[in-house]
Structures are given as C-alpha cells and as structure tokens.
file model08.cif (mmCIF, C-alpha atoms)
data_input
loop_
_atom_site.group_PDB
_atom_site.id
_atom_site.type_symbol
_atom_site.label_atom_id
_atom_site.label_comp_id
_atom_site.auth_asym_id
_atom_site.auth_seq_id
_atom_site.Cartn_x
_atom_site.Cartn_y
_atom_site.Cartn_z
ATOM 1 C CA MET A 14 -33.761 -104.101 -26.490
ATOM 2 C CA LYS A 15 -36.986 -102.515 -27.676
ATOM 3 C CA LYS A 16 -36.551 -98.785 -28.297
ATOM 4 C CA GLY A 17 -38.666 -96.329 -26.342
ATOM 5 C CA ARG A 18 -41.399 -94.156 -27.826
ATOM 6 C CA LEU A 19 -41.315 -90.412 -28.390
ATOM 7 C CA ILE A 20 -44.482 -88.807 -26.999
ATOM 8 C CA VAL A 21 -45.226 -85.139 -27.670
ATOM 9 C CA ILE A 22 -47.688 -83.147 -25.567
ATOM 10 C CA SER A 23 -48.391 -79.574 -26.630
ATOM 11 C CA GLY A 24 -51.079 -76.927 -26.965
ATOM 12 C CA PRO A 25 -51.679 -73.273 -26.117
ATOM 13 C CA SER A 26 -50.403 -71.664 -22.939
ATOM 14 C CA GLY A 27 -52.941 -72.145 -20.157
ATOM 15 C CA VAL A 28 -54.576 -75.422 -21.269
ATOM 16 C CA GLY A 29 -52.989 -77.415 -18.453
ATOM 17 C CA LYS A 30 -50.288 -79.314 -20.354
ATOM 18 C CA GLY A 31 -48.030 -79.446 -17.303
ATOM 19 C CA THR A 32 -50.758 -80.909 -15.100
ATOM 20 C CA VAL A 33 -51.563 -83.560 -17.707
ATOM 21 C CA VAL A 34 -47.873 -84.461 -17.957
ATOM 22 C CA LYS A 35 -47.605 -84.812 -14.159
ATOM 23 C CA GLY A 36 -50.570 -87.165 -14.211
ATOM 24 C CA LEU A 37 -49.003 -89.300 -16.935
ATOM 25 C CA LEU A 38 -45.682 -89.527 -15.105
ATOM 26 C CA ALA A 39 -47.478 -90.595 -11.915
ATOM 27 C CA ARG A 40 -49.143 -93.423 -13.863
ATOM 28 C CA ASP A 41 -45.903 -94.652 -15.435
ATOM 29 C CA PRO A 42 -42.695 -93.815 -13.530
ATOM 30 C CA ASN A 43 -40.638 -95.480 -16.286
ATOM 31 C CA THR A 44 -41.560 -92.639 -18.665
ATOM 32 C CA TRP A 45 -38.836 -89.971 -18.782
ATOM 33 C CA LEU A 46 -39.689 -86.283 -19.057
ATOM 34 C CA SER A 47 -37.389 -84.265 -21.292
ATOM 35 C CA VAL A 48 -36.420 -80.933 -19.699
ATOM 36 C CA SER A 49 -36.388 -78.167 -22.304
ATOM 37 C CA ALA A 50 -33.911 -75.310 -22.492
ATOM 38 C CA THR A 51 -35.302 -71.776 -22.580
ATOM 39 C CA THR A 52 -34.101 -68.199 -22.763
ATOM 40 C CA ARG A 53 -37.014 -66.818 -20.754
ATOM 41 C CA ALA A 54 -36.489 -65.493 -17.228
ATOM 42 C CA ILE A 55 -36.839 -67.939 -14.367
ATOM 43 C CA ARG A 56 -39.951 -67.470 -12.194
ATOM 44 C CA PRO A 57 -39.778 -67.402 -8.366
ATOM 45 C CA SER A 58 -41.477 -70.812 -8.116
ATOM 46 C CA GLU A 59 -39.071 -72.491 -10.562
ATOM 47 C CA THR A 60 -35.746 -74.308 -10.178
ATOM 48 C CA ASP A 61 -33.121 -74.428 -12.920
ATOM 49 C CA GLY A 62 -32.904 -77.942 -14.353
ATOM 50 C CA VAL A 63 -36.344 -78.956 -13.063
ATOM 51 C CA GLN A 64 -38.965 -77.004 -15.041
ATOM 52 C CA TYR A 65 -36.405 -75.829 -17.633
ATOM 53 C CA HIS A 66 -32.710 -75.385 -18.241
ATOM 54 C CA PHE A 67 -32.518 -71.573 -18.173
ATOM 55 C CA ILE A 68 -29.818 -70.364 -20.575
ATOM 56 C CA SER A 69 -28.793 -67.183 -22.388
ATOM 57 C CA HIS A 70 -29.737 -66.295 -25.971
ATOM 58 C CA GLU A 71 -26.055 -66.667 -26.914
ATOM 59 C CA GLN A 72 -25.871 -70.192 -25.501
ATOM 60 C CA PHE A 73 -29.158 -71.108 -27.195
ATOM 61 C CA ASP A 74 -27.866 -69.902 -30.575
ATOM 62 C CA ARG A 75 -24.672 -71.880 -30.077
ATOM 63 C CA MET A 76 -26.635 -75.062 -29.361
ATOM 64 C CA ILE A 77 -28.646 -74.517 -32.559
ATOM 65 C CA ALA A 78 -25.452 -74.088 -34.581
ATOM 66 C CA GLU A 79 -24.029 -77.291 -33.100
ATOM 67 C CA GLY A 80 -27.186 -79.323 -33.822
ATOM 68 C CA GLN A 81 -27.856 -80.015 -30.151
ATOM 69 C CA PHE A 82 -31.664 -79.684 -30.317
ATOM 70 C CA LEU A 83 -34.213 -82.225 -31.521
ATOM 71 C CA GLU A 84 -36.537 -79.238 -31.989
ATOM 72 C CA TYR A 85 -36.579 -75.580 -31.079
ATOM 73 C CA ALA A 86 -39.018 -72.720 -31.371
ATOM 74 C CA ARG A 87 -39.537 -69.056 -30.588
ATOM 75 C CA TYR A 88 -42.621 -68.331 -28.484
ATOM 76 C CA VAL A 89 -43.691 -64.886 -27.178
ATOM 77 C CA ASN A 90 -40.189 -63.404 -27.667
ATOM 78 C CA ASN A 91 -38.333 -66.292 -26.012
ATOM 79 C CA CYS A 92 -36.710 -69.469 -27.325
ATOM 80 C CA TYR A 93 -37.394 -73.053 -26.273
ATOM 81 C CA GLY A 94 -35.652 -76.257 -27.361
ATOM 82 C CA SER A 95 -35.354 -79.978 -26.524
ATOM 83 C CA PRO A 96 -31.728 -81.146 -26.020
ATOM 84 C CA LEU A 97 -31.168 -84.109 -28.361
ATOM 85 C CA GLU A 98 -28.494 -86.189 -26.586
ATOM 86 C CA PRO A 99 -30.412 -87.155 -23.415
ATOM 87 C CA ILE A 100 -33.528 -87.921 -25.461
ATOM 88 C CA GLU A 101 -31.640 -90.323 -27.722
ATOM 89 C CA GLN A 102 -30.007 -91.950 -24.705
ATOM 90 C CA LYS A 103 -33.306 -92.652 -22.930
ATOM 91 C CA LEU A 104 -34.967 -93.945 -26.117
ATOM 92 C CA ALA A 105 -32.033 -96.315 -26.652
ATOM 93 C CA GLU A 106 -32.482 -97.567 -23.082
ATOM 94 C CA GLY A 107 -36.051 -98.540 -23.981
ATOM 95 C CA ARG A 108 -37.719 -95.782 -21.967
ATOM 96 C CA ASP A 109 -40.586 -93.730 -23.349
ATOM 97 C CA VAL A 110 -39.678 -90.035 -23.592
ATOM 98 C CA LEU A 111 -42.305 -87.397 -22.932
ATOM 99 C CA LEU A 112 -41.889 -83.899 -24.369
ATOM 100 C CA GLU A 113 -44.053 -80.976 -23.242
ATOM 101 C CA ILE A 114 -43.253 -78.450 -25.958
ATOM 102 C CA GLU A 115 -44.543 -75.580 -28.094
ATOM 103 C CA VAL A 116 -46.671 -76.244 -31.169
ATOM 104 C CA GLN A 117 -43.898 -75.076 -33.541
ATOM 105 C CA GLY A 118 -41.547 -77.662 -32.055
ATOM 106 C CA ALA A 119 -44.158 -80.416 -32.227
ATOM 107 C CA LEU A 120 -44.520 -79.889 -35.983
ATOM 108 C CA GLN A 121 -40.732 -80.112 -36.386
ATOM 109 C CA ILE A 122 -40.723 -83.459 -34.582
ATOM 110 C CA LYS A 123 -43.616 -84.722 -36.685
ATOM 111 C CA GLN A 124 -41.500 -84.055 -39.788
ATOM 112 C CA LYS A 125 -38.249 -85.481 -38.368
ATOM 113 C CA ARG A 126 -39.724 -88.389 -36.398
ATOM 114 C CA PRO A 127 -43.034 -89.424 -37.997
ATOM 115 C CA GLU A 128 -43.271 -92.341 -35.573
ATOM 116 C CA ALA A 129 -43.671 -89.919 -32.648
ATOM 117 C CA ILE A 130 -47.067 -89.821 -30.947
ATOM 118 C CA THR A 131 -48.381 -86.233 -30.989
ATOM 119 C CA VAL A 132 -51.178 -85.084 -28.670
ATOM 120 C CA PHE A 133 -52.701 -81.592 -28.718
ATOM 121 C CA ILE A 134 -54.217 -80.499 -25.401
ATOM 122 C CA ALA A 135 -57.105 -78.039 -25.834
ATOM 123 C CA ALA A 136 -59.233 -76.020 -23.435
ATOM 124 C CA PRO A 137 -63.009 -76.672 -23.542
ATOM 125 C CA SER A 138 -63.496 -73.203 -25.053
ATOM 126 C CA PHE A 139 -61.512 -70.106 -25.959
ATOM 127 C CA GLU A 140 -63.251 -68.232 -23.124
ATOM 128 C CA ALA A 141 -62.128 -70.905 -20.662
ATOM 129 C CA LEU A 142 -58.569 -70.563 -21.936
ATOM 130 C CA ALA A 143 -58.609 -66.780 -21.390
ATOM 131 C CA ALA A 144 -60.000 -67.263 -17.884
ATOM 132 C CA ARG A 145 -57.261 -69.768 -17.014
ATOM 133 C CA LEU A 146 -54.521 -67.425 -18.198
ATOM 134 C CA ARG A 147 -55.925 -64.545 -16.163
ATOM 135 C CA GLY A 148 -56.397 -66.821 -13.166
ATOM 136 C CA ARG A 149 -52.660 -67.515 -12.968
ATOM 137 C CA ARG A 150 -52.013 -63.936 -11.819
ATOM 138 C CA ASP A 151 -48.360 -64.162 -12.891
ATOM 139 C CA THR A 152 -48.708 -62.522 -16.319
ATOM 140 C CA ASP A 153 -49.703 -58.974 -17.252
ATOM 141 C CA GLU A 154 -52.643 -58.235 -19.563
ATOM 142 C CA ALA A 155 -50.436 -57.375 -22.559
ATOM 143 C CA ALA A 156 -48.684 -60.749 -22.349
ATOM 144 C CA ILE A 157 -52.034 -62.520 -21.940
ATOM 145 C CA ALA A 158 -53.372 -60.816 -25.077
ATOM 146 C CA LEU A 159 -50.292 -61.950 -27.007
ATOM 147 C CA ARG A 160 -50.689 -65.523 -25.771
ATOM 148 C CA LEU A 161 -54.345 -65.567 -26.785
ATOM 149 C CA GLU A 162 -53.480 -64.351 -30.287
ATOM 150 C CA THR A 163 -50.833 -67.087 -30.490
ATOM 151 C CA ALA A 164 -53.385 -69.629 -29.254
ATOM 152 C CA LYS A 165 -55.694 -68.826 -32.191
ATOM 153 C CA GLU A 166 -52.923 -69.823 -34.602
ATOM 154 C CA GLU A 167 -52.119 -72.939 -32.563
ATOM 155 C CA TYR A 168 -55.751 -74.121 -32.648
ATOM 156 C CA ARG A 169 -55.666 -73.872 -36.454
ATOM 157 C CA ILE A 170 -52.691 -76.249 -36.453
ATOM 158 C CA ALA A 171 -54.310 -78.770 -34.065
ATOM 159 C CA PRO A 172 -55.728 -81.009 -36.877
ATOM 160 C CA GLN A 173 -52.145 -81.867 -37.881
ATOM 161 C CA TYR A 174 -51.666 -83.779 -34.612
ATOM 162 C CA ASP A 175 -52.377 -87.479 -34.214
ATOM 163 C CA TYR A 176 -54.811 -86.811 -31.357
ATOM 164 C CA ILE A 177 -56.667 -83.916 -29.691
ATOM 165 C CA VAL A 178 -57.628 -84.170 -26.013
ATOM 166 C CA VAL A 179 -59.885 -81.546 -24.405
ATOM 167 C CA ASN A 180 -58.832 -80.758 -20.846
ATOM 168 C CA ASP A 181 -62.196 -79.996 -19.224
ATOM 169 C CA ASP A 182 -61.514 -82.320 -16.279
ATOM 170 C CA ILE A 183 -57.881 -83.114 -15.504
ATOM 171 C CA GLU A 184 -58.415 -86.737 -14.438
ATOM 172 C CA THR A 185 -60.381 -87.450 -17.602
ATOM 173 C CA ALA A 186 -57.766 -85.739 -19.783
ATOM 174 C CA VAL A 187 -54.939 -87.782 -18.216
ATOM 175 C CA ALA A 188 -56.968 -90.974 -18.661
ATOM 176 C CA ASP A 189 -57.629 -90.085 -22.305
ATOM 177 C CA VAL A 190 -53.924 -89.609 -23.068
ATOM 178 C CA ALA A 191 -53.054 -92.798 -21.156
ATOM 179 C CA ALA A 192 -55.623 -94.662 -23.273
ATOM 180 C CA ILE A 193 -53.984 -93.333 -26.450
ATOM 181 C CA LEU A 194 -50.590 -94.586 -25.288
ATOM 182 C CA ARG A 195 -52.002 -97.950 -24.253
ATOM 183 C CA ALA A 196 -53.686 -98.379 -27.632
ATOM 184 C CA ASP A 197 -50.395 -97.589 -29.350
ATOM 185 C CA THR A 198 -48.690 -100.494 -27.563
ATOM 186 C CA LEU A 199 -51.325 -102.806 -29.092
ATOM 187 C CA ARG A 200 -50.802 -101.697 -32.689
ATOM 188 C CA ALA A 201 -50.101 -104.671 -34.927
ATOM 189 C CA GLU A 202 -46.860 -103.215 -36.271
ATOM 190 C CA ASN A 203 -45.513 -102.952 -32.734
ATOM 191 C CA HIS A 204 -45.946 -106.706 -32.217
ATOM 192 C CA LEU A 205 -44.879 -108.124 -35.594
ATOM 193 C CA LYS A 206 -41.313 -108.879 -34.507
ATOM 194 C CA GLU A 207 -42.528 -110.599 -31.355
ATOM 195 C CA LEU A 208 -45.153 -112.781 -33.012
ATOM 196 C CA SER A 209 -44.168 -116.179 -34.343
ATOM 197 C CA LEU A 210 -46.623 -117.105 -37.068
ATOM 198 C CA GLY A 211 -46.714 -120.175 -39.278
ATOM 199 C CA GLY A 212 -45.595 -122.632 -36.606
ATOM 200 C CA ASN A 213 -41.885 -121.698 -36.742
#
call {"tool": "encode", "arguments": {"input": "model08.cif", "output": "structure tokens"}}
result
Amino acid sequence: MKKGRLIVISGPSGVGKGTVVKGLLARDPNTWLSVSATTRAIRPSETDGVQYHFISHEQFDRMIAEGQFLEYARYVNNCYGSPLEPIEQKLAEGRDVLLEIEVQGALQIKQKRPEAITVFIAAPSFEALAARLRGRRDTDEAAIALRLETAKEEYRIAPQYDYIVVNDDIETAVADVAAILRADTLRAENHLKELSLGGN
C-alpha cells in the first residue's frame, strides 16, 4: 500500500489557517486532520478532542519525556504538540495527514521528515493581520500585541517553507494549496515505482 503524505499548514495567528484547512478537508474527505494537544485553556466555542486535546502542563511534559510527539512547541506561554502514534497509523493506511501547527513545530517536522509538504499561510499585509486579530474579539490587547510580535519572527522564517500562500481570498487560498498538493502527486519520483519502462 502506498504510504500517505504529511502535509503541514502553519503561519501566524490570525491568518486563517483553520479556514484554509476546513476548505482542504471538504475537497478531500480522505485526508485526515491531526488533532494537536495543548496546555492552553479551552474556549467556550471549543470541544475537547475536536479543536484540540486539552491537557495539563504535567501531562504534556510526560508525553515529551516518553517521545509521544512528532513535534511540539511553546507559543504565547502555552504548549502545543502533535501526537505521533495516530499520525503514523494514518500514514501507514495510505491516508494523507494534515497538520495545522505552529511555525516552531513545522521547522521540527522539516528536519525530521524532509519529505513533508510545508505550506506557510500569510496575510496580505501586516496591517490586515492586526485587523483580523482585533476582529476576533476574543483576545485582549496585550495578547494581541504579543501575537503580532511573534508574527514578525514567523514571517522571517517563512522562506524556509516549501510554499507560501497569501490568504487574501479564502477560496483562492484553498485552491492554491490544493493545486500544490495536486502537483505533488504528479512529481516524477512519486510515479517511478508505478511506471514500467523498457518494455518489461
């Protein structure tokens, strides 16, 4: 059975990563979304096990010690990580695995799994990013300022990704990422084992 692909979507808070991911999953129901673990507090609109697995700092540290994460990162005073076992299981089943993760974690995956497809989602401008964060109305101004400072560092790292997609229009951004994934399926190296050349 052909192994699935590891697809990483990341970028600063507020660029619309989650909306892009929803669009990709709607296009290809066979793609499996990895649910990250986090130590941050659950929001009223969230459900444990759906948006995240909400766990304590102690449990998170234990999972690190036991090697249970493919990647993990600290972001704005909280920890986030991708549980390894379910990811490996889905890849072995031949399903593509989609990870919506922090930039720190994406760089870890790029080092550990160079075959992973990494896509950085960017806002059309830094001003647009600030406006989106303030438009959420679920974060205080101090936290927004911290996220914007973090975003500056994340934009500097963006050139290390395989692709950068600007989310100015959500349908266009989803189509752009889908085109990247489609092109990847057509790469010569992905067909070499299936091709029978030389008449044999």
call {"tool": "residues_around", "arguments": {"input": "model08.cif", "residues": "A:Pro25", "least_positions_apart": "3", "cutoff": "9 Å", "atoms": "only C-alpha atoms", "output": "list in words"}}
result
Val28, Gly29, Lys30, Glu115, Val116, Phe133, Ile134, Ala135, Ala136, Leu142, Arg160, Leu161, Thr163, Ala164, Lys165, Glu167 and Tyr168 of chain A
call {"tool": "resolve_selection", "arguments": {"input": "model08.cif", "expression": "the PyMOL selection byres ((chain A and resi 99) around 12)", "output": "list in words"}}
result
Trp45, Leu46, Ser47, Val48, Ser49, Gln81, Phe82, Leu83, Ser95, Pro96, Leu97, Glu98, Ile100, Glu101, Gln102, Lys103, Leu104, Ala105, Glu106, Arg108, Val110, Leu111 and Leu112 of chain A
call {"tool": "write_last_selection", "arguments": {"input": "model08.cif", "atoms": "C-alpha atoms", "output": "PDB file, in the coordinates of the input"}}
result
ATOM      1  CA  TRP A  45     -38.836 -89.971 -18.782  1.00  0.00           C
ATOM      2  CA  LEU A  46     -39.689 -86.283 -19.057  1.00  0.00           C
ATOM      3  CA  SER A  47     -37.389 -84.265 -21.292  1.00  0.00           C
ATOM      4  CA  VAL A  48     -36.420 -80.933 -19.699  1.00  0.00           C
ATOM      5  CA  SER A  49     -36.388 -78.167 -22.304  1.00  0.00           C
ATOM      6  CA  GLN A  81     -27.856 -80.015 -30.151  1.00  0.00           C
ATOM      7  CA  PHE A  82     -31.664 -79.684 -30.317  1.00  0.00           C
ATOM      8  CA  LEU A  83     -34.213 -82.225 -31.521  1.00  0.00           C
ATOM      9  CA  SER A  95     -35.354 -79.978 -26.524  1.00  0.00           C
ATOM     10  CA  PRO A  96     -31.728 -81.146 -26.020  1.00  0.00           C
ATOM     11  CA  LEU A  97     -31.168 -84.109 -28.361  1.00  0.00           C
ATOM     12  CA  GLU A  98     -28.494 -86.189 -26.586  1.00  0.00           C
ATOM     13  CA  ILE A 100     -33.528 -87.921 -25.461  1.00  0.00           C
ATOM     14  CA  GLU A 101     -31.640 -90.323 -27.722  1.00  0.00           C
ATOM     15  CA  GLN A 102     -30.007 -91.950 -24.705  1.00  0.00           C
ATOM     16  CA  LYS A 103     -33.306 -92.652 -22.930  1.00  0.00           C
ATOM     17  CA  LEU A 104     -34.967 -93.945 -26.117  1.00  0.00           C
ATOM     18  CA  ALA A 105     -32.033 -96.315 -26.652  1.00  0.00           C
ATOM     19  CA  GLU A 106     -32.482 -97.567 -23.082  1.00  0.00           C
ATOM     20  CA  ARG A 108     -37.719 -95.782 -21.967  1.00  0.00           C
ATOM     21  CA  VAL A 110     -39.678 -90.035 -23.592  1.00  0.00           C
ATOM     22  CA  LEU A 111     -42.305 -87.397 -22.932  1.00  0.00           C
ATOM     23  CA  LEU A 112     -41.889 -83.899 -24.369  1.00  0.00           C
TER      24      LEU A 112
END
call {"tool": "residues_around", "arguments": {"input": "model08.cif", "residues": "stretch 63-70 of chain A", "least_positions_apart": "6", "cutoff": "9 Å", "atoms": "only C-alpha atoms", "output": "list in words"}}
result
Val48, Ser49, Ala50, Thr51, Thr52, Arg53, Ala54, Ile55, Asn91 and Cys92 of chain A
call {"tool": "residues_around", "arguments": {"input": "model08.cif", "residues": "A:Gln117", "least_positions_apart": "6", "cutoff": "10 Å", "atoms": "all atoms listed in the file", "output": "list in words"}}
result
Ser23, Gly24, Glu84, Tyr85, Ala86, Arg87, Tyr88, Tyr93, Glu167 and Ile170 of chain A
call {"tool": "resolve_selection", "arguments": {"input": "model08.cif", "expression": "the PyMOL selection byres ((chain A and resi 36) around 10)", "output": "ChimeraX atom specification"}}
result
/A:30-35,37-41,183-184,186-188,190-191
call {"tool": "write_last_selection", "arguments": {"input": "model08.cif", "atoms": "C-alpha atoms", "output": "compact mmCIF listing (two decimals), keeping the file's coordinate frame"}}
result
# COMPACT_ATOMS: atom_id res chain seq x y z
CA LYS A 30 -50.29 -79.31 -20.35
CA GLY A 31 -48.03 -79.45 -17.30
CA THR A 32 -50.76 -80.91 -15.10
CA VAL A 33 -51.56 -83.56 -17.71
CA VAL A 34 -47.87 -84.46 -17.96
CA LYS A 35 -47.60 -84.81 -14.16
CA LEU A 37 -49.00 -89.30 -16.93
CA LEU A 38 -45.68 -89.53 -15.10
CA ALA A 39 -47.48 -90.60 -11.92
CA ARG A 40 -49.14 -93.42 -13.86
CA ASP A 41 -45.90 -94.65 -15.44
CA ILE A 183 -57.88 -83.11 -15.50
CA GLU A 184 -58.42 -86.74 -14.44
CA ALA A 186 -57.77 -85.74 -19.78
CA VAL A 187 -54.94 -87.78 -18.22
CA ALA A 188 -56.97 -90.97 -18.66
CA VAL A 190 -53.92 -89.61 -23.07
CA ALA A 191 -53.05 -92.80 -21.16
call {"tool": "residues_around", "arguments": {"input": "model08.cif", "residues": "A:Glu128", "least_positions_apart": "2", "cutoff": "9 Å", "atoms": "only C-alpha atoms", "output": "PDB file with C-alpha atoms, in the frame of the given file"}}
result
ATOM      1  CA  ARG A  18     -41.399 -94.156 -27.826  1.00  0.00           C
ATOM      2  CA  LEU A  19     -41.315 -90.412 -28.390  1.00  0.00           C
ATOM      3  CA  LYS A 123     -43.616 -84.722 -36.685  1.00  0.00           C
ATOM      4  CA  LYS A 125     -38.249 -85.481 -38.368  1.00  0.00           C
ATOM      5  CA  ARG A 126     -39.724 -88.389 -36.398  1.00  0.00           C
ATOM      6  CA  ILE A 130     -47.067 -89.821 -30.947  1.00  0.00           C
TER       7      ILE A 130
END
call {"tool": "closest_residue", "arguments": {"input": "model08.cif", "among": "A:Gly107, A:Glu140, A:Ile122, A:Thr185", "to": "A:Met14", "atoms": "only C-alpha atoms"}}
result
A:Gly107
